[in-house]
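> Before we start, here is the structure in question, set down as structure tokens.
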Amino acid sequence: MAKPTKITNEIRRLRFDADEMTQAELARRVGVTRQTILAIEQGRYSPSLEVAFKIAHAFKVPLDTVFQYPLGETED
């Protein structure tokens with residue numbers, strides 16, 4: 001089973017704030033599948049840097065508004 005990523009995101013909230021944009025609509029704008037958006041949104045998959053920027057661009061917000069990475073934690 002894949003280990004969940006430590007990267008968190010606000011995609012679900014941003015989709016809701018964007019007139020309840022569907023995962024399918026976001027996927028179309030970004031150029032990925034709906035399943036990819038679902039996996040990213042649920043924290044099961046970390047997007048490439050390019051896809052992360054495209055998601056932020058789709059919402060017209062800075063990258064760090066969409067994605068957060070907790071600093072100061074060490075991996076074991």
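By order of appearance in the structure tokens: chains A, B, ..., then residues from 1 within every chain, and ligands from 1 in the order shown.
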At a cut-off of 9 Å, using only C-alpha atoms, what residues contact region 42-53 of chain A? Leave out same-chain residues fewer than 4 positions from it and give the result as a list of chain:residue names.
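My reading of the contact set: A:Ala2, A:Lys3, A:Pro4, A:Thr5, A:Lys6, A:Ile7, A:Thr8, A:Asn9, A:Arg12, A:Val30, A:Gly31, A:Val32, A:Thr36, A:Ile37, A:Leu38, A:His57, A:Ala58, A:Pro62, A:Leu63, A:Val66, A:Phe67.
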> Can you tell me, as JSON, numbers by chain, what residues are no more than 10 Å from region 13-21 of chain A when counting only C-alpha atoms, ignoring any on the same chain fewer than 5 positions away?
{"A": [26, 41, 56, 58, 59, 61, 65, 66]}
> Check chain A with DSSP on the backbone and list each residue it calls helix (DSSP H, G or I), as a ChimeraX atom specification.
/A:11-17,23-30,34-41,49-59,63-66
> For Arg34 (chain A), please output as an NGL selection string all residues within 9 Å (counting only C-alpha atoms; exclusion window: fewer than 3 positions along the same chain).
:A and (22-28 or 37-39)
> DSSP on the backbone, strand (DSSP E or B) only: what residues of chain A does that give? Format it as a list in words.
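Reading the DSSP output for chain A, strand (DSSP E or B) covers Thr8, Asn9, Phe67 and Gln68 of chain A.
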